[in-house]
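Enquirer: My questions all concern the structure below.
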Amino acid sequence: MINLTSRLERSMMSRGIIQLKPATKKHVRRKIETEFGESLRFVPDEKGKLLIYPRSLSMDDLARQAHKMTKDLQEARAANSEDILTKAGMQLRNEINKQDVSQPWPPDTDQNVIPAAVTKFLHTLLTGECECQTPSERAQRLATSFGSDLVFAVTSGKTKPPKHVLLSNAVKCLTGNTELIRTLNRLGHCVSYSMFEEIDTALCIQKLECSKDDIPLPANIYPGVFTTWPGITSTDLKETLSGAGTSHRVNGIAVQFQVAGSVPEKVLPEITKSR
C-alpha cells in the first residue's frame, strides 16, 4: 500500500521543491485521472480516503491478495502478542528478584514485599484500565493476594509475604488440619507447615524475651491498666462410648479502656533463626 500524496511530496522535494501548495495535494486525483484515464479505479475506504487499483486487476486477484494480507496480519499480531507476553513476564520476574527485601525473624506481617510494577500490572489486569488511579477494594484485595503468590513463587519461598504467614496460621486455628496447610503450600498460597511451626515458635520465644521479669501479655494489652477479662467456654462433645475426643476450651477476651496520651512503643527483640 503506497500513499500517493506522500510519494508526490518526496518526489518534489528531491527535485528541489521544498514546500507544496495545498492545491497541488488537493488535485492529485484529477491529475491522475487525466493522465491514466479509465485504466484506474478509485474506491473510498471507511475513513473517506481513496484507494486506487488498476481496472485490469480481476476480482479473483483481489480476493487472493486480501486473503494473503489478512493471514500475514494475523501471524504478525500473534508473533507480537507472544513477544509482548514474554517480555512482560521477564520484566515482572526481574522486578521481583531485584528488590532487596530484608525480612526480620519472625517475619513482619505489616511489611509490603510486592513490587509496584507487579501491583500496577495486576490492577490493569483486574480492572481493564491502563491507568487505574483508584482501584476498587476488591481489585486491591485480589492484587495483594495474587501479587503475594507471585513473589512467593518466583523467590521459591525465600520472601514470605504477610498473606502466606497469616493464611497458614488462620487455617491451623480454624481447622487444625495440617494436611490442608500442606496442600495450600504446594499450590503456593501459604508457607509450609514446618515453616509455620518455626514462625510460631519464634513468636513464642520473642514474647518470652519481651517479658522476662513479668507475665507474658499480648502485644495490644498494656500492663497497669484496669482490665476486664470475661471467659467463654466451648465444649465439643464426641458421641463415643469412652467420650474420647471430647474437648473443653475457655476463650478469654481482654477489655481495656483506651489509654490517654502517648503509649510507649514496644520494641521487639531480635530472635536468632535456628536454621
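Letters A, B, ... mark the chains of the C-alpha cells in the order given; residue numbers begin at 1 per chain; ligand numbers begin at 1, in order shown.
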Give me, as a PyMOL selection string, all polymer residues having an atom no more than 7 Å from region 110-121 of chain A, counting only C-alpha atoms and skipping those fewer than 4 positions away in the same chain.
Expert: chain A and resi 92+95-96+101+125+143+147-148+151+161-162
Enquirer: Print the selection's residues with C-alpha atoms to a file, as a CSV table (one decimal), in the first residue's frame.
Expert:
```csv
chain,number,residue,atom,x,y,z
A,92,LEU,CA,7.9,-8.8,36.3
A,95,GLU,CA,11.2,-6.6,39.3
A,96,ILE,CA,10.6,-9.3,41.9
A,101,VAL,CA,13.8,-7.5,50.8
A,125,LEU,CA,-5.4,-6.9,34.6
A,143,ALA,CA,-4.0,-7.7,43.6
A,147,GLY,CA,1.0,-10.4,44.0
A,148,SER,CA,1.9,-12.2,47.2
A,151,VAL,CA,6.5,-13.1,44.9
A,161,PRO,CA,4.6,-12.2,52.1
A,162,PRO,CA,2.3,-11.5,55.0
```
Enquirer: Please give the complete set of residues from region 55-248 of chain A that DSSP, run on the backbone, assigns to alpha helix (DSSP H), formatted as a PyMOL selection string.
Expert: chain A and resi 59-98+116-127+137-154+162-175+178-186+193-210
Enquirer: Write out as a ChimeraX atom specification which residues come within 12 Å of Val250 (chain A) when counting only C-alpha atoms, dropping same-chain ones fewer than 4 positions away.
Expert: /A:229-236
Enquirer: Quick one: residues within 12 Å of region 208-212 of chain A, only C-alpha atoms, excluding same-chain residues fewer than 4 positions away - as JSON, numbers by chain?
Expert: {"A": [201, 202, 203, 204, 216, 217, 218, 219, 223, 266, 267, 268, 269, 270, 271, 272]}
Enquirer: What separation in Å, quoted to one decimal, exists between CA of Leu187 (chain A) and CA of Leu150 (chain A)?
Expert: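 Between CA of Leu187 (chain A) and CA of Leu150 (chain A) the gap is 11.5 Å.
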